[in-house]
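To be precise, the following lines are coords.cif, and they hold mmCIF, C-alpha atoms.
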data_run
#
loop_
_atom_site.label_atom_id
_atom_site.label_comp_id
_atom_site.auth_asym_id
_atom_site.auth_seq_id
_atom_site.Cartn_x
_atom_site.Cartn_y
_atom_site.Cartn_z
CA MET H 3 97.69 107.17 98.86
CA PHE H 4 97.17 109.54 95.95
CA VAL H 5 94.56 110.55 93.39
CA ILE H 6 94.71 109.15 89.85
CA ASN H 7 93.03 110.89 86.92
CA CYS H 8 91.63 107.91 84.99
CA PRO H 9 91.58 108.85 81.27
CA TYR H 10 88.05 107.39 81.06
CA CYS H 11 86.43 108.23 84.45
CA GLY H 12 88.30 111.26 85.83
CA GLU H 13 89.86 111.72 89.27
CA ARG H 14 89.49 108.82 91.70
CA ASP H 15 91.33 107.56 94.81
CA GLN H 16 94.28 105.31 94.11
CA GLN H 17 92.45 102.67 96.18
CA GLU H 18 90.17 102.01 93.17
CA PHE H 19 93.13 101.08 90.97
CA LYS H 20 95.43 98.09 90.64
CA ALA H 21 99.09 98.67 89.85
CA GLY H 22 100.28 96.61 86.88
CA GLY H 23 104.02 97.19 87.15
CA GLU H 24 106.59 98.45 84.67
CA ALA H 25 105.16 99.49 81.29
CA HIS H 26 106.42 98.88 77.76
CA ILE H 27 107.85 95.43 78.40
CA GLU H 28 107.17 93.89 75.05
CA ARG H 29 106.27 90.22 74.77
CA PRO H 30 108.93 88.44 72.70
CA LYS H 31 107.92 88.24 69.05
CA GLN H 32 109.44 84.78 68.55
CA PRO H 33 109.21 83.07 71.96
CA THR H 34 110.54 79.73 70.73
CA GLU H 35 113.84 81.31 69.74
CA LEU H 36 114.55 82.88 73.15
CA SER H 37 117.40 81.66 75.36
CA ASP H 38 116.81 81.05 79.08
CA ASP H 39 118.67 84.29 79.84
CA GLU H 40 116.38 86.27 77.56
CA TRP H 41 113.30 84.67 79.14
CA ALA H 42 114.58 85.61 82.61
CA GLU H 43 115.05 89.22 81.44
CA TYR H 44 111.51 89.33 80.07
CA LEU H 45 109.77 87.56 82.95
CA PHE H 46 111.61 88.69 86.06
CA MET H 47 114.14 91.50 85.65
CA ARG H 48 112.77 94.97 86.38
CA LYS H 49 114.17 98.49 86.30
CA ASN H 50 112.54 99.27 89.68
CA ILE H 51 113.50 102.90 89.27
CA LYS H 52 113.74 105.43 92.09
CA GLY H 53 112.55 108.46 90.15
CA ILE H 54 110.58 108.70 86.91
CA GLN H 55 108.98 105.36 86.12
CA TYR H 56 106.61 104.38 83.27
CA GLU H 57 104.00 101.95 84.53
CA ARG H 58 100.66 100.28 83.80
CA TRP H 59 97.57 100.73 85.94
CA ASN H 60 94.10 99.22 85.82
CA HIS H 61 90.95 100.95 87.07
CA ALA H 62 89.93 97.69 88.76
CA HIS H 63 86.99 99.09 90.77
CA GLY H 64 85.83 101.45 88.01
CA CYS H 65 85.84 101.12 84.23
CA ARG H 66 88.34 98.20 84.41
CA LYS H 67 90.37 99.70 81.58
CA TRP H 68 94.17 99.62 81.43
CA PHE H 69 96.25 102.75 80.87
CA ASN H 70 99.74 104.10 81.52
CA ILE H 71 101.10 106.48 84.14
CA VAL H 72 104.44 108.27 84.39
CA ARG H 73 105.13 108.63 88.10
CA ASP H 74 108.03 109.77 90.25
CA THR H 75 108.46 106.84 92.65
CA SER H 76 110.53 108.93 95.06
CA ASN H 77 107.51 111.10 95.97
CA ASP H 78 104.52 109.42 94.22
CA GLU H 79 103.93 112.50 92.05
CA ILE H 80 102.14 111.67 88.79
CA LYS H 81 103.78 113.37 85.78
CA ALA H 82 101.60 112.14 82.92
CA ILE H 83 98.77 109.75 82.11
CA TYR H 84 98.25 108.28 78.64
CA LYS H 85 96.14 105.56 77.08
CA MET H 86 97.33 102.12 76.00
CA GLY H 87 98.84 102.26 72.53
CA GLU H 88 99.66 105.96 72.75
CA LYS H 89 103.24 107.12 72.40
CA PRO H 90 104.87 107.55 75.86
CA PRO H 91 105.52 111.22 76.65
CA SER H 92 109.14 112.12 77.33
CA ILE H 93 109.49 113.60 80.81
CA MET F 10 139.45 89.23 104.97
CA LYS F 11 140.50 91.89 107.47
CA ASN F 12 140.30 95.23 105.68
CA ILE F 13 136.55 95.82 105.69
CA ALA F 14 134.42 98.96 105.61
CA VAL F 15 130.67 99.36 106.03
CA VAL F 16 129.43 102.32 103.99
CA GLU F 17 126.07 103.62 105.21
CA LYS F 18 124.09 106.48 103.66
CA GLY F 19 122.28 107.32 106.90
CA TRP F 20 123.13 105.85 110.27
CA ILE F 21 123.51 102.27 111.50
CA GLY F 22 120.07 100.83 112.32
CA GLY F 23 118.24 103.75 110.69
CA GLY F 24 116.77 101.80 107.80
CA ASN F 25 114.57 98.73 107.82
CA THR F 26 116.47 97.33 110.84
CA GLY F 27 114.69 99.94 112.93
CA ARG F 28 111.38 99.72 111.06
CA ASN F 29 110.43 96.04 111.18
CA THR F 30 108.10 94.25 113.62
CA THR F 31 110.98 92.22 115.18
CA ILE F 32 109.51 88.77 114.54
CA ILE F 33 111.87 85.80 114.34
CA ARG F 34 110.85 82.33 113.12
CA SER F 35 112.06 79.60 110.78
CA ASN F 36 108.88 77.72 109.84
CA TYR F 37 109.31 77.96 106.07
CA LEU F 38 108.10 75.28 103.66
CA TRP F 39 110.98 74.24 101.41
CA ASP F 40 114.19 72.47 102.45
CA ALA F 41 116.41 75.29 101.18
CA SER F 42 114.47 77.90 103.19
CA ALA F 43 114.34 75.72 106.29
CA GLY F 44 118.13 75.42 106.16
CA LEU F 45 118.61 79.16 105.72
CA TYR F 46 116.15 80.44 108.31
CA ASP F 47 116.87 77.81 110.95
CA HIS F 48 120.61 78.50 110.61
CA ALA F 49 119.73 82.07 111.59
CA LEU F 50 117.45 80.98 114.44
CA LYS F 51 120.21 78.80 115.91
CA ILE F 52 122.59 81.79 115.90
CA TRP F 53 119.88 83.97 117.52
CA GLU F 54 119.75 81.48 120.41
CA GLY F 55 123.31 82.34 121.46
CA LEU F 56 123.64 85.82 120.00
CA SER F 57 123.46 87.88 123.21
CA GLN F 58 126.32 85.80 124.67
CA GLU F 59 128.35 85.92 121.47
CA LEU F 60 128.04 89.70 121.11
CA ASN F 61 128.13 90.29 124.88
CA TYR F 62 125.18 92.58 124.21
CA ASN F 63 121.61 91.88 125.26
CA VAL F 64 119.55 91.68 122.07
CA MET F 65 116.54 90.71 124.22
CA PHE F 66 115.83 87.60 122.15
CA SER F 67 112.59 86.21 123.53
CA GLN F 68 111.40 82.77 122.41
CA ARG F 69 107.76 83.48 123.16
CA GLY F 70 106.49 81.40 120.24
CA VAL F 71 104.88 82.38 116.96
CA MET F 72 101.40 81.20 115.98
CA ASN F 73 100.12 81.25 112.40
CA LEU F 74 96.32 81.08 112.20
CA ALA F 75 94.15 79.24 109.68
CA HIS F 76 90.89 80.87 108.59
CA ASN F 77 89.69 78.63 105.78
CA LEU F 78 90.07 75.01 104.70
CA GLN F 79 92.92 75.77 102.33
CA ASP F 80 94.79 77.49 105.18
CA VAL F 81 94.29 74.36 107.28
CA ARG F 82 95.70 72.12 104.55
CA ASP F 83 98.62 74.47 103.83
CA LEU F 84 99.54 74.94 107.47
CA LYS F 85 99.35 71.20 108.20
CA ARG F 86 101.56 70.53 105.20
CA ARG F 87 104.02 73.18 106.39
CA THR F 88 104.03 71.70 109.92
CA HIS F 89 104.95 68.28 108.49
CA ALA F 90 107.60 69.79 106.21
CA ASN F 91 109.10 71.70 109.15
CA ARG F 92 109.29 68.58 111.33
CA LEU F 93 110.96 66.59 108.54
CA ASN F 94 113.58 69.35 108.47
CA GLY F 95 114.10 69.21 112.25
CA ILE F 96 112.27 72.47 112.90
CA ASP F 97 109.89 72.47 115.87
CA ALA F 98 106.31 72.92 114.77
CA VAL F 99 102.94 71.75 116.02
CA TYR F 100 99.45 72.08 114.59
CA LEU F 101 96.88 73.45 117.05
CA SER F 102 93.11 73.01 117.10
CA THR F 103 90.89 76.06 117.62
CA GLU F 104 90.63 75.17 121.33
CA GLU F 105 94.43 74.89 121.62
CA VAL F 106 94.83 78.27 119.90
CA LYS F 107 92.46 79.79 122.46
CA LYS F 108 94.35 78.14 125.31
CA PHE F 109 97.72 79.43 124.09
CA CYS F 110 96.43 82.97 123.48
CA PRO F 111 93.18 83.52 125.42
CA ILE F 112 92.38 86.99 124.02
CA ILE F 113 91.79 85.68 120.48
CA ASN F 114 88.15 85.65 119.44
CA THR F 115 87.63 82.02 118.42
CA SER F 116 83.87 82.33 118.06
CA GLN F 117 82.81 80.54 114.87
CA ASP F 118 80.37 83.25 113.76
CA ILE F 119 82.98 85.90 112.89
CA ARG F 120 83.62 86.58 109.23
CA TYR F 121 86.87 84.59 109.09
CA PRO F 122 86.68 82.18 112.03
CA VAL F 123 89.84 80.63 113.50
CA LEU F 124 89.92 77.02 112.31
CA GLY F 125 93.30 76.17 113.86
CA GLY F 126 96.88 77.25 113.63
CA THR F 127 100.54 76.34 113.88
CA LEU F 128 102.94 77.08 116.69
CA GLN F 129 106.71 77.32 116.58
CA ARG F 130 107.78 77.60 120.21
CA ARG F 131 111.45 78.43 119.47
CA ALA F 132 110.31 81.47 117.47
CA GLY F 133 109.76 84.91 119.01
CA THR F 134 111.06 88.46 118.92
CA ALA F 135 114.25 90.45 119.58
CA ARG F 136 114.99 94.10 120.21
CA HIS F 137 115.80 95.25 116.67
CA ASP F 138 117.87 98.33 117.58
CA ALA F 139 119.97 96.32 120.03
CA VAL F 140 120.79 93.87 117.24
CA ALA F 141 122.18 96.70 115.10
CA TRP F 142 124.09 98.23 118.01
CA GLY F 143 125.46 94.87 119.22
CA TYR F 144 126.68 93.91 115.78
CA ALA F 145 128.11 97.39 115.14
CA ARG F 146 130.07 97.29 118.40
CA GLY F 147 131.31 93.76 117.71
CA ALA F 148 132.38 94.62 114.17
CA ASP F 149 134.07 97.83 115.32
CA GLU F 150 136.07 95.91 117.95
CA MET F 151 137.27 93.54 115.22
CA GLY F 152 138.56 96.46 113.14
CA VAL F 153 135.70 97.04 110.70
CA ASP F 154 135.41 100.70 109.64
CA ILE F 155 131.80 101.84 109.93
CA ILE F 156 131.42 104.96 107.79
CA GLN F 157 128.06 106.62 108.41
CA ASN F 158 126.44 109.53 106.56
CA CYS F 159 128.31 108.42 103.47
CA GLU F 160 126.26 107.76 100.36
CA VAL F 161 127.39 105.44 97.59
CA LYS F 162 127.17 107.35 94.31
CA GLY F 163 128.67 104.87 91.88
CA ILE F 164 130.39 101.54 91.36
CA LYS F 165 133.57 101.70 89.29
CA ARG F 166 134.06 98.78 86.94
CA ASN F 167 136.88 97.70 84.69
CA GLY F 168 135.15 95.45 82.20
CA ASP F 169 133.51 92.71 84.24
CA THR F 170 135.45 93.39 87.45
CA VAL F 171 134.73 95.90 90.21
CA GLU F 172 137.45 98.44 91.05
CA GLY F 173 135.84 100.48 93.77
CA LEU F 174 133.09 102.66 95.16
CA GLU F 175 132.40 106.33 94.49
CA THR F 176 130.99 107.87 97.65
CA THR F 177 130.08 111.34 98.91
CA LYS F 178 133.27 111.20 101.03
CA GLY F 179 135.55 110.09 98.21
CA PHE F 180 136.64 107.00 96.29
CA ILE F 181 137.22 103.64 98.00
CA LYS F 182 139.38 101.21 96.05
CA THR F 183 138.32 97.58 96.54
CA LYS F 184 138.17 94.24 94.74
CA LYS F 185 135.00 93.11 96.49
CA ILE F 186 131.70 94.86 97.16
CA GLY F 187 128.82 93.25 99.07
CA VAL F 188 125.56 95.16 98.61
CA VAL F 189 123.01 94.95 101.43
CA ALA F 190 120.70 97.85 100.59
CA ALA F 191 117.19 96.36 101.04
CA GLY F 192 114.64 98.53 99.21
CA HIS F 193 117.40 100.41 97.40
CA SER F 194 119.14 97.31 96.01
CA SER F 195 117.95 98.05 92.46
CA VAL F 196 119.32 101.61 92.73
CA ILE F 197 122.79 100.25 93.54
CA ALA F 198 122.44 97.54 90.87
CA ASN F 199 121.70 100.24 88.29
CA MET F 200 125.01 101.92 89.24
CA ALA F 201 126.80 98.72 88.29
CA GLY F 202 124.75 98.33 85.12
CA ILE F 203 122.88 95.17 86.11
CA ARG F 204 119.19 94.48 86.69
CA LEU F 205 117.61 92.52 89.52
CA PRO F 206 114.23 90.73 89.69
CA LEU F 207 113.02 93.10 92.40
CA GLU F 208 110.22 95.57 92.99
CA SER F 209 110.43 98.02 95.92
CA LYS F 210 107.18 98.66 97.75
CA PRO F 211 106.10 100.37 100.96
CA LEU F 212 105.34 98.09 103.92
CA GLN F 213 103.65 99.63 106.94
CA ALA F 214 103.62 98.93 110.66
CA LEU F 215 102.20 100.65 113.70
CA VAL F 216 102.41 100.59 117.48
CA SER F 217 99.80 101.39 120.11
CA GLU F 218 100.08 103.25 123.36
CA PRO F 219 101.86 101.09 125.98
CA VAL F 220 99.65 98.91 128.18
CA LYS F 221 100.15 96.16 130.77
CA PRO F 222 101.15 92.70 129.48
CA ILE F 223 98.19 91.27 127.54
CA ILE F 224 99.66 89.10 124.78
CA ASP F 225 102.76 87.01 125.53
CA THR F 226 103.28 85.49 122.10
CA VAL F 227 103.30 86.53 118.43
CA VAL F 228 100.17 85.82 116.40
CA MET F 229 100.23 86.04 112.63
CA SER F 230 97.26 85.68 110.41
CA ASN F 231 97.98 85.51 106.71
CA ALA F 232 94.45 85.23 105.33
CA VAL F 233 93.05 88.34 107.03
CA HIS F 234 96.43 90.03 107.12
CA ALA F 235 96.94 90.94 110.75
CA TYR F 236 99.82 90.18 112.99
CA VAL F 237 100.45 91.38 116.48
CA SER F 238 102.84 91.05 119.40
CA GLN F 239 103.62 93.19 122.44
CA SER F 240 106.95 94.93 122.96
CA ASP F 241 108.72 94.99 126.31
CA LYS F 242 107.64 98.62 126.61
CA GLY F 243 104.04 97.43 126.44
CA GLU F 244 103.13 98.69 122.98
CA LEU F 245 101.18 96.45 120.64
CA VAL F 246 103.35 96.00 117.54
CA ILE F 247 101.15 95.54 114.49
CA GLY F 248 102.27 94.70 110.97
CA ALA F 249 100.25 95.76 107.93
CA GLY F 250 100.65 94.79 104.28
CA THR F 251 102.46 96.16 101.26
CA ASP F 252 101.02 98.47 98.65
CA ASP F 253 100.94 97.00 95.16
CA TYR F 254 102.83 99.81 93.42
CA VAL F 255 106.55 100.62 93.35
CA SER F 256 107.39 103.47 95.69
CA TYR F 257 110.43 104.66 97.62
CA THR F 258 108.46 107.09 99.81
CA GLN F 259 108.55 105.13 103.12
CA LYS F 260 104.83 105.78 103.49
CA GLY F 261 101.94 103.62 102.38
CA SER F 262 98.24 103.94 101.73
CA HIS F 263 95.64 104.49 104.45
CA GLN F 264 93.40 101.64 103.32
CA ILE F 265 96.20 99.14 103.98
CA VAL F 266 96.32 100.18 107.65
CA GLU F 267 92.53 100.25 107.83
CA GLY F 268 92.30 96.69 106.48
CA THR F 269 94.81 95.43 109.04
CA LEU F 270 93.06 97.17 111.94
CA ASN F 271 89.69 95.75 110.81
CA ALA F 272 91.15 92.26 111.05
CA ILE F 273 92.86 92.98 114.39
CA LEU F 274 89.58 94.19 115.90
CA GLU F 275 87.65 91.16 114.66
CA LEU F 276 90.24 88.77 116.11
CA TYR F 277 90.89 90.77 119.31
CA PRO F 278 87.76 92.70 120.33
CA ILE F 279 89.60 93.58 123.57
CA PHE F 280 91.73 96.07 121.56
CA SER F 281 88.74 98.09 120.31
CA ARG F 282 89.57 101.17 122.41
CA MET F 283 93.37 101.03 121.99
CA ARG F 284 94.91 104.18 120.55
CA MET F 285 97.69 103.93 118.03
CA LEU F 286 100.80 105.99 118.79
CA ARG F 287 102.89 105.77 115.66
CA GLN F 288 102.62 104.50 112.11
CA TRP F 289 105.43 104.26 109.59
CA GLY F 290 106.54 102.61 106.37
CA GLY F 291 109.68 100.95 105.10
CA ILE F 292 110.70 100.10 101.55
CA VAL F 293 110.91 96.36 100.98
CA ASP F 294 112.57 94.70 97.99
CA ILE F 295 110.24 91.95 96.85
CA CYS F 296 111.40 88.96 94.80
CA PRO F 297 108.98 87.11 92.49
CA ASP F 298 109.30 83.91 94.58
CA ALA F 299 109.25 85.63 98.01
CA SER F 300 112.73 84.27 98.76
CA PRO F 301 115.95 86.25 99.15
CA ILE F 302 118.97 86.54 96.87
CA LEU F 303 122.38 85.87 98.48
CA SER F 304 124.51 85.63 95.43
CA LYS F 305 127.44 86.39 93.19
CA THR F 306 126.62 88.38 90.08
CA SER F 307 127.83 88.49 86.49
CA ILE F 308 130.37 91.11 87.62
CA LYS F 309 133.45 89.74 89.39
CA GLY F 310 133.71 90.98 92.96
CA LEU F 311 130.12 92.23 93.17
CA TYR F 312 127.77 90.38 95.52
CA PHE F 313 124.14 91.03 96.42
CA ASN F 314 122.24 90.19 99.60
CA CYS F 315 118.71 91.38 98.81
CA GLY F 316 115.16 90.39 98.01
CA TRP F 317 114.26 89.67 101.65
CA GLY F 318 111.02 91.51 101.01
CA THR F 319 108.76 91.68 104.01
CA GLY F 320 110.74 89.36 106.27
CA GLY F 321 114.48 89.94 106.47
CA PHE F 322 114.96 90.79 110.14
CA LYS F 323 114.46 87.22 111.32
CA ALA F 324 117.38 86.04 109.20
CA THR F 325 119.86 88.79 110.21
CA PRO F 326 122.55 86.59 111.83
CA GLY F 327 122.30 83.79 109.26
CA SER F 328 122.15 86.13 106.32
CA GLY F 329 125.26 87.99 107.50
CA ASP F 330 127.14 84.77 108.22
CA LEU F 331 126.36 83.18 104.85
CA PHE F 332 126.94 86.39 102.89
CA ALA F 333 130.37 86.79 104.54
CA HIS F 334 131.16 83.20 103.53
CA THR F 335 130.05 83.90 99.95
CA ILE F 336 132.18 87.03 99.66
CA ALA F 337 135.29 85.58 101.34
CA ASN F 338 135.31 82.36 99.29
CA ASP F 339 133.77 83.75 96.09
CA GLU F 340 131.45 80.74 96.34
CA PRO F 341 128.15 80.33 98.20
CA HIS F 342 127.86 78.24 101.36
CA LYS F 343 125.71 75.14 100.83
CA LEU F 344 122.95 76.78 102.89
CA ASN F 345 122.59 79.74 100.51
CA ALA F 346 123.50 78.00 97.24
CA ALA F 347 119.82 77.76 96.25
CA PHE F 348 119.36 81.51 96.73
CA ASN F 349 121.45 82.51 93.73
CA LEU F 350 120.50 85.00 91.03
CA ASN F 351 120.70 82.30 88.39
CA ARG F 352 117.54 80.63 89.70
CA PHE F 353 115.52 83.14 87.67
CA VAL F 354 117.22 81.80 84.55
CA SER F 355 117.13 78.09 85.43
CA GLY F 356 113.58 78.28 86.80
CA ASP F 357 114.62 76.64 90.08
CA LEU F 358 112.61 79.10 92.18
CA VAL F 359 112.05 78.78 95.95
CA ASP F 360 108.39 79.73 96.24
CA GLU F 361 107.72 80.84 99.80
CA HIS F 362 104.63 83.00 99.24
CA GLY F 363 102.72 80.73 101.62
CA ALA F 364 105.21 81.11 104.47
CA ALA F 365 106.05 84.76 103.88
CA ALA F 366 103.10 85.89 106.05
CA VAL F 367 102.69 89.20 104.23
CA ALA F 368 100.74 88.47 101.08
CA HIS F 369 102.30 89.99 97.98
#
Structure encoded using structure tokens:
Amino acid sequence: MFVINCPYCGERDQQEFKAGGEAHIERPKQPTELSDDEWAEYLFMRKNIKGIQYERWNHAHGCRKWFNIVRDTSNDEIKAIYKMGEKPPSI
Amino acid sequence: MKNIAVVEKGWIGGGNTGRNTTIIRSNYLWDASAGLYDHALKIWEGLSQELNYNVMFSQRGVMNLAHNLQDVRDLKRRTHANRLNGIDAVYLSTEEVKKFCPIINTSQDIRYPVLGGTLQRRAGTARHDAVAWGYARGADEMGVDIIQNCEVKGIKRNGDTVEGLETTKGFIKTKKIGVVAAGHSSVIANMAGIRLPLESKPLQALVSEPVKPIIDTVVMSNAVHAYVSQSDKGELVIGAGTDDYVSYTQKGSHQIVEGTLNAILELYPIFSRMRMLRQWGGIVDICPDASPILSKTSIKGLYFNCGWGTGGFKATPGSGDLFAHTIANDEPHKLNAAFNLNRFVSGDLVDEHGAAAVAH
């Protein structure tokens, strides 16, 4: 368990949030032209990084807004938090 | 194949083998899963003799409880599916549940009353450390090199073919690499430049102080997320759930444990004054369809046995047997053919979320 600094509400327990998985997976622009392999990449394949990972979180039991977190998955340390649509910081 | 080495970063049995709740069962829904898990269960039944090492396999039965009408429908469906696949399964009424495990609170005024359950009598538990030691001794006697405290740092490729392993103790030249790295499967996959459909999450378990025999079976309850059995030392062995975020920390969140203990106390009021001795976490590699991957990859000579998520221990003998077959023949056995990586491309998934017991 750790504390997350929601960009809208401030510091809250991680328990209030829902993890939304890997960030910056872009929905295919022309879905009808995708091969099965490309669909599998988009839908299922994940980096699942041990180390610095960019991910989406939702303040499910708070403001219910989505935002992004950069977190070290080897020790759960949060490196950066930024809003949806903002440019990801380089860590 | 005779020239085989096991390369282990830590020590044999020090990973999830020593961290699971030791439950063994094969009551999965789909035909492919039934074939895979019951193959393992049949090997478990003779494993102590085969290894000449007592793995303390105890067929004390596993019950799965139903707490709402959908549970009842799902569990009845699964019981029928199991029996059609030759797997022993019976559906129990609330009274029969109480008779089989008298300490369960079957009163109908609790928040999630017990409406019934399933029982697989051939299911049970085994001593997880003994399984690792028995297999290690057997493999060693057959000439397998077990190299401990040796971390894999890279996979050397020549185009689409593997050439060997970079390790902290030097380079190992080989044409075939079988990866069985549980929560760290994606880390190894990244070394070879491929991606897997996995997310690694912490799964927690805990044991109580040892007490006299009080529960002689395994009871799992998916809806309220509590499962419990008693070890031969007398400790209650309790399994909690996974956190929903990716983490390699081998520790989970407090509220996950709290939720499990709430459910345990509602179902077993007799445990209200039990003290918990130890709590720990393991990293589980979760597949989108809650079924494992035992498969070749796009790289020649590279094989993965992963994605077992929250329930790999039960399949240990079958998974090893079928993975060995896959590596030796460069083709899957018919029992693990459905568990290939390509199913995420073809869409032929094996959805076992209902039978996986740990909701994720």
Residues of chain F within 12 Å of chain H, counting all atoms listed in the file, as a PyMOL selection string: chain F and resi 192-200+202-211+252-268+292-298+350-358
Picked residues, the PyMOL selection byres ((chain F and resi 117) around 12), as JSON, numbers by chain: {"F": [76, 77, 103, 104, 113, 114, 115, 116, 118, 119, 120, 121, 122, 123, 124, 125, 275, 276]}
Given the PyMOL selection byres ((chain H and resi 93) around 9), the residues it picks as a PyMOL selection string: chain H and resi 54+72+81-82+91-92
Result set, the PyMOL selection byres ((chain H and resi 10) around 10) on current file, as number ranges by chain: H: 7-9, 11-13, 61, 64-69, 85
Exercise: residues within 12 Å of coordinate (124.0, 89.3, 122.4), counting only C-alpha atoms, as a ChimeraX atom specification: /F:52-67,135-147,326
Go ahead and save the residues from that selection, with C-alpha atoms, as a PDB file, in the frame of the given file.
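Here's the written file out.pdb:
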ATOM      1  CA  ILE F  52     122.590  81.790 115.900  1.00  0.00           C
ATOM      2  CA  TRP F  53     119.880  83.970 117.520  1.00  0.00           C
ATOM      3  CA  GLU F  54     119.750  81.480 120.410  1.00  0.00           C
ATOM      4  CA  GLY F  55     123.310  82.340 121.460  1.00  0.00           C
ATOM      5  CA  LEU F  56     123.640  85.820 120.000  1.00  0.00           C
ATOM      6  CA  SER F  57     123.460  87.880 123.210  1.00  0.00           C
ATOM      7  CA  GLN F  58     126.320  85.800 124.670  1.00  0.00           C
ATOM      8  CA  GLU F  59     128.350  85.920 121.470  1.00  0.00           C
ATOM      9  CA  LEU F  60     128.040  89.700 121.110  1.00  0.00           C
ATOM     10  CA  ASN F  61     128.130  90.290 124.880  1.00  0.00           C
ATOM     11  CA  TYR F  62     125.180  92.580 124.210  1.00  0.00           C
ATOM     12  CA  ASN F  63     121.610  91.880 125.260  1.00  0.00           C
ATOM     13  CA  VAL F  64     119.550  91.680 122.070  1.00  0.00           C
ATOM     14  CA  MET F  65     116.540  90.710 124.220  1.00  0.00           C
ATOM     15  CA  PHE F  66     115.830  87.600 122.150  1.00  0.00           C
ATOM     16  CA  SER F  67     112.590  86.210 123.530  1.00  0.00           C
ATOM     17  CA  ALA F 135     114.250  90.450 119.580  1.00  0.00           C
ATOM     18  CA  ARG F 136     114.990  94.100 120.210  1.00  0.00           C
ATOM     19  CA  HIS F 137     115.800  95.250 116.670  1.00  0.00           C
ATOM     20  CA  ASP F 138     117.870  98.330 117.580  1.00  0.00           C
ATOM     21  CA  ALA F 139     119.970  96.320 120.030  1.00  0.00           C
ATOM     22  CA  VAL F 140     120.790  93.870 117.240  1.00  0.00           C
ATOM     23  CA  ALA F 141     122.180  96.700 115.100  1.00  0.00           C
ATOM     24  CA  TRP F 142     124.090  98.230 118.010  1.00  0.00           C
ATOM     25  CA  GLY F 143     125.460  94.870 119.220  1.00  0.00           C
ATOM     26  CA  TYR F 144     126.680  93.910 115.780  1.00  0.00           C
ATOM     27  CA  ALA F 145     128.110  97.390 115.140  1.00  0.00           C
ATOM     28  CA  ARG F 146     130.070  97.290 118.400  1.00  0.00           C
ATOM     29  CA  GLY F 147     131.310  93.760 117.710  1.00  0.00           C
ATOM     30  CA  PRO F 326     122.550  86.590 111.830  1.00  0.00           C
TER      31      PRO F 326
END
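Rounded to one decimal, atom CA of F:Ala90 and atom CA of F:Ala49 lie 18.1 Å from each other.
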Atomic separation - atom CA of F:Val188 relative to atom CA of F:Phe313, Å: 4.9 Å
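Using all atoms listed in the file, the shortest contact distance between F:Ser281 and any of F:Ser217, F:Ser238, F:Leu331, F:Leu101 is found at F:Ser217.
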Between atom CA of F:Ile33 and atom CA of F:Ala333 - distance in Å to one decimal: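 Interatomic distance, atom CA of F:Ala333 to atom CA of F:Ile33: 21.0 Å.
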Who sits within 9 Å of F:Thr88, only C-alpha atoms, same chain under 6 positions skipped, as a list in words: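 After dropping sequence-adjacent residues, the list is Asn36, Leu38, Ile96, Asp97, Ala98, Val99, Tyr100, Thr127 and Leu128 of chain F.
Every polymer residue reaching to within 9 Å of (129.9, 88.7, 97.8), counting only C-alpha atoms, appears in this list: Lys185, Ile186, Gly187, Val188, Leu303, Ser304, Lys305, Thr306, Gly310, Leu311, Tyr312, Phe313, Asn314, Phe332, Ala333, His334, Thr335, Ile336, Ala337, Asn338, Asp339, Glu340 and Pro341 of chain F.
Closest approach to H:Pro90 among H:Pro30, H:Ala25, H:Glu18, H:His63: H:Ala25, based on only C-alpha atoms.
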For F:Lys11, the nearest of the candidates F:Leu93, F:Leu270, F:Met72, F:Met151, counting all atoms listed in the file: F:Met151
Listed atoms of stretch 57-73 of chain H, axis-aligned box, 5 Å per side: centre and edge lengths to one decimal in Å, as JSON?
{"center_x": 95.5, "center_y": 103.2, "center_z": 85.8, "size_x": 29.3, "size_y": 20.9, "size_z": 19.9}
Could I see stretch 25-30 of chain H restored to N, CA, C and O atoms, set down as a CSV table (one decimal), in the coordinates of the input?
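Wrote it out as result24.csv, contents follow:
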chain,number,residue,atom,x,y,z
H,25,ALA,N,105.8,99.5,82.6
H,25,ALA,CA,105.2,99.5,81.3
H,25,ALA,C,106.2,99.3,80.2
H,25,ALA,O,107.4,99.3,80.4
H,26,HIS,N,105.6,99.0,79.0
H,26,HIS,CA,106.4,98.9,77.8
H,26,HIS,C,107.4,97.7,77.8
H,26,HIS,O,108.5,97.8,77.3
H,27,ILE,N,107.1,96.7,78.5
H,27,ILE,CA,107.8,95.4,78.4
H,27,ILE,C,107.2,94.6,77.3
H,27,ILE,O,106.0,94.2,77.5
H,28,GLU,N,107.8,94.5,76.2
H,28,GLU,CA,107.2,93.9,75.0
H,28,GLU,C,107.3,92.4,75.1
H,28,GLU,O,108.4,91.8,75.3
H,29,ARG,N,106.2,91.7,74.8
H,29,ARG,CA,106.3,90.2,74.8
H,29,ARG,C,107.1,89.8,73.6
H,29,ARG,O,107.0,90.4,72.5
H,30,PRO,N,108.0,88.8,73.8
H,30,PRO,CA,108.9,88.4,72.7
H,30,PRO,C,108.2,88.0,71.4
H,30,PRO,O,107.2,87.3,71.5
